[in-house]
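**Student:** Okay, handing you the structure first.
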Amino acid sequence: MKKGFTYIELTIVLFLLLVIGGIVFSVIKVQEYFARSRDIKRINDLEVLFNALKIYSRSTSSPDLDGPYLDFRGIDETWATIFISVPLELETFPSSACVYAERSYAVFQADKNNYLRIDGKGWLPVEFSKINPPPFSSLPVDPINNYSKGFYYLYAFRRNPLQFEISAALESKDLRYGGKGDKVSTDNGNDPYRLELGTNLDLIPPFAPPSF
């Protein structure tokens with residue numbers, strides 16, 4: 001004769017399920033908290049870079065948005081380039097990711113020794129060191145800053161007329177695409193999965209979103 005569960009056994013099982021559910025819920029909440037914290041940094045970083053690029057463009061007599069060490073890197077020039085914050089040694093950016101609407105883009109990655117520099121040798125090659133005082137001591141980068149995970153900063157510019165764009169993917173459920181506080185598909189840019197700031201939000205082609 002089979003013996004069923006006793007009342008005490010059922011109570012213990014239900015209690016354990018409640019405890020496990022509470023732990024899982026807490027972990028999810030903690031993960032979302034850290035994701036949102038990283039997103040706040042991303043949003044602040046883009047605003048800082050946006051303002052720095054505006055100040056540089058207005059305060060420099062001949063602004064050079066691909067810096068003193070690169071040439072013809074504007075979207076409207078010979079070597080149309082997308083600049084990425086991930087250093088070359090960490091991960092090589094695949095060229096196939098920069099083909100959009102039958103147009104190919106070059107990819108620029110600074111090396112790990114230089115990618116944070118503000119003198120034109122960093123991942124964003126503008127000479128921010130010419131601004132007095134400089135807006136930052138090192139270039140901002142994504143808190144995760146990894147291409148395969150989908151989190152990195154992008155930059156591109158146009159020479160004539162002088163325009164620029166920077167972008168970042170957001171991570172928290174509320175702020176990313178489809179969230180109740182969606183900031184990425186409501187910024188009037190051409191990429192519904194990335195937060196875009198700049199004077200022309202169509203310079204950087206859309207990129208594959210992170211896989212959550």
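How things are named: the first chain in the structure tokens is A, the next is B, and so on; residues count from 1 in each chain; ligands count from 1 in the order shown.
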Taking the backbone alone, and naming residues the way the document does, which bits of range 35-182 of chain A are helix (DSSP H, G or I) by DSSP, as a PyMOL selection string?
**Tutor:** chain A and resi 35-59+95-98+128-130
**Student:** Store the residues picked out above, limited to N, CA and C atoms, as a compact mmCIF listing (two decimals), in the first residue's frame.
**Tutor:**
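Contents of part01.txt, as written:
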# COMPACT_ATOMS: atom_id res chain seq x y z
N ALA A 35 22.42 46.03 -13.24
CA ALA A 35 22.25 46.38 -14.66
C ALA A 35 21.83 47.84 -14.79
N ARG A 36 20.91 48.27 -13.95
CA ARG A 36 20.46 49.67 -14.00
C ARG A 36 21.59 50.62 -13.61
N SER A 37 22.39 50.22 -12.62
CA SER A 37 23.54 51.05 -12.21
C SER A 37 24.51 51.21 -13.37
N ARG A 38 24.75 50.12 -14.10
CA ARG A 38 25.64 50.22 -15.26
C ARG A 38 25.02 51.10 -16.34
N ASP A 39 23.71 51.01 -16.51
CA ASP A 39 23.03 51.85 -17.50
C ASP A 39 23.13 53.33 -17.15
N ILE A 40 23.02 53.64 -15.86
CA ILE A 40 23.16 55.03 -15.43
C ILE A 40 24.54 55.56 -15.81
N LYS A 41 25.57 54.72 -15.63
CA LYS A 41 26.92 55.12 -16.04
C LYS A 41 26.98 55.31 -17.55
N ARG A 42 26.36 54.40 -18.31
CA ARG A 42 26.38 54.52 -19.77
C ARG A 42 25.72 55.84 -20.22
N ILE A 43 24.58 56.14 -19.64
CA ILE A 43 23.87 57.36 -20.01
C ILE A 43 24.71 58.59 -19.66
N ASN A 44 25.29 58.59 -18.47
CA ASN A 44 26.14 59.71 -18.06
C ASN A 44 27.37 59.83 -18.95
N ASP A 45 27.99 58.69 -19.29
CA ASP A 45 29.17 58.71 -20.16
C ASP A 45 28.85 59.33 -21.52
N LEU A 46 27.71 58.92 -22.11
CA LEU A 46 27.36 59.46 -23.42
C LEU A 46 27.11 60.97 -23.34
N GLU A 47 26.48 61.41 -22.26
CA GLU A 47 26.24 62.85 -22.11
C GLU A 47 27.55 63.61 -21.95
N VAL A 48 28.48 63.03 -21.20
CA VAL A 48 29.80 63.66 -21.02
C VAL A 48 30.54 63.73 -22.35
N LEU A 49 30.54 62.63 -23.11
CA LEU A 49 31.20 62.62 -24.41
C LEU A 49 30.53 63.58 -25.39
N PHE A 50 29.21 63.60 -25.38
CA PHE A 50 28.46 64.49 -26.25
C PHE A 50 28.83 65.95 -25.98
N ASN A 51 28.84 66.33 -24.71
CA ASN A 51 29.18 67.71 -24.36
C ASN A 51 30.64 68.03 -24.68
N ALA A 52 31.53 67.05 -24.45
CA ALA A 52 32.95 67.27 -24.75
C ALA A 52 33.16 67.47 -26.25
N LEU A 53 32.47 66.68 -27.07
CA LEU A 53 32.59 66.82 -28.53
C LEU A 53 32.04 68.17 -28.99
N LYS A 54 30.95 68.63 -28.38
CA LYS A 54 30.40 69.94 -28.72
C LYS A 54 31.38 71.05 -28.35
N ILE A 55 31.94 70.97 -27.14
CA ILE A 55 32.89 71.99 -26.70
C ILE A 55 34.11 72.00 -27.60
N TYR A 56 34.64 70.82 -27.91
CA TYR A 56 35.81 70.72 -28.78
C TYR A 56 35.51 71.32 -30.16
N SER A 57 34.37 70.97 -30.74
CA SER A 57 34.03 71.45 -32.08
C SER A 57 33.87 72.96 -32.13
N ARG A 58 33.36 73.55 -31.04
CA ARG A 58 33.10 74.99 -31.02
C ARG A 58 34.33 75.81 -30.61
N SER A 59 35.20 75.19 -29.80
CA SER A 59 36.33 75.95 -29.26
C SER A 59 37.62 75.79 -30.06
N SER A 95 34.64 42.37 -39.19
CA SER A 95 34.29 43.31 -40.25
C SER A 95 32.88 43.08 -40.77
N SER A 96 32.38 41.84 -40.66
CA SER A 96 31.04 41.53 -41.15
C SER A 96 29.97 42.29 -40.37
N ALA A 97 30.30 42.73 -39.15
CA ALA A 97 29.33 43.46 -38.35
C ALA A 97 29.14 44.88 -38.86
N CYS A 98 30.03 45.32 -39.72
CA CYS A 98 29.96 46.69 -40.22
C CYS A 98 29.60 46.75 -41.70
N PHE A 128 40.90 65.72 -26.99
CA PHE A 128 40.21 66.41 -25.90
C PHE A 128 41.20 67.13 -24.99
N SER A 129 42.45 66.74 -25.06
CA SER A 129 43.48 67.40 -24.25
C SER A 129 43.66 68.87 -24.64
N LYS A 130 43.15 69.27 -25.81
CA LYS A 130 43.24 70.67 -26.25
C LYS A 130 42.23 71.56 -25.54
**Student:** Tell me which protein, DNA and RNA residues are within 6 Å of range 103-117 of chain A, counting only C-alpha atoms, leaving out same-chain ones fewer than 5 positions away, and put them as a PyMOL selection string.
**Tutor:** chain A and resi 80-84+87-88+98+122-123+138-139
**Student:** Just write the chosen residues, N, CA and C atoms, as a short mmCIF file (atom, residue, chain, number, x, y, z; two decimals), in the first residue's frame.
**Tutor:**
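As a result, out-v6.cif now contains:
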data_model
loop_
_atom_site.label_atom_id
_atom_site.label_comp_id
_atom_site.auth_asym_id
_atom_site.auth_seq_id
_atom_site.Cartn_x
_atom_site.Cartn_y
_atom_site.Cartn_z
N ALA A 80 35.43 55.36 -44.43
CA ALA A 80 34.30 55.53 -43.50
C ALA A 80 34.47 54.55 -42.34
N THR A 81 34.57 55.09 -41.13
CA THR A 81 34.98 54.27 -39.98
C THR A 81 34.01 54.36 -38.82
N ILE A 82 33.80 53.20 -38.19
CA ILE A 82 33.10 53.12 -36.91
C ILE A 82 34.15 52.87 -35.84
N PHE A 83 34.18 53.71 -34.82
CA PHE A 83 35.14 53.58 -33.73
C PHE A 83 34.46 52.87 -32.56
N ILE A 84 35.16 51.90 -31.97
CA ILE A 84 34.59 51.08 -30.90
C ILE A 84 35.48 51.16 -29.66
N PRO A 87 39.22 47.49 -26.62
CA PRO A 87 40.61 47.47 -27.10
C PRO A 87 40.89 46.26 -27.98
N LEU A 88 41.81 46.44 -28.91
CA LEU A 88 42.10 45.43 -29.93
C LEU A 88 42.51 44.09 -29.33
N CYS A 98 30.03 45.32 -39.72
CA CYS A 98 29.96 46.69 -40.22
C CYS A 98 29.60 46.75 -41.70
N GLY A 122 43.32 57.59 -28.28
CA GLY A 122 42.36 56.71 -27.63
C GLY A 122 41.35 56.13 -28.60
N TRP A 123 40.41 55.36 -28.05
CA TRP A 123 39.41 54.71 -28.92
C TRP A 123 38.57 55.75 -29.64
N SER A 138 40.56 60.53 -18.63
CA SER A 138 40.62 59.33 -19.48
C SER A 138 39.27 59.16 -20.15
N LEU A 139 39.27 58.52 -21.31
CA LEU A 139 38.03 58.34 -22.06
C LEU A 139 37.08 57.38 -21.35
#
**Student:** Would you please work out which residue, of A:Pro209, A:Phe164, A:Asp64, A:Ile131, is nearest to Val184 in chain A when using only C-alpha atoms?
**Tutor:** A:Pro209
**Student:** Write out as number ranges by chain each polymer residue whose atoms come within 7 Å of range 166-174 of chain A, counting only C-alpha atoms; drop sequence neighbours fewer than 2 positions from it.
**Tutor:** A: 32, 35-36, 39, 42, 46, 151-156, 176, 179-182, 193-198
**Student:** State, in Å with one decimal place, the distance from CA of Leu203 in chain A to CA of Trp79 in chain A.
**Tutor:**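 It comes out at 13.8 Å.
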**Student:** Residues of range 52-125 of chain A classed as strand (DSSP E) by DSSP on the backbone are to be reported as an MDAnalysis selection string.
**Tutor:** chainID A and resid 81:84 99:100 103:104 106:108
**Student:** Measuring atom to atom with only C-alpha atoms, identify which of A:Leu70, A:Ala208, A:Leu17, A:Ile12 is nearest to Lys149 in chain A.
**Tutor:** A:Ala208
**Student:** Between A:Ser85, A:Ser62, A:Thr6, A:Thr199, which is the closest to Gly150 in chain A once you count only C-alpha atoms?
**Tutor:** A:Ser85
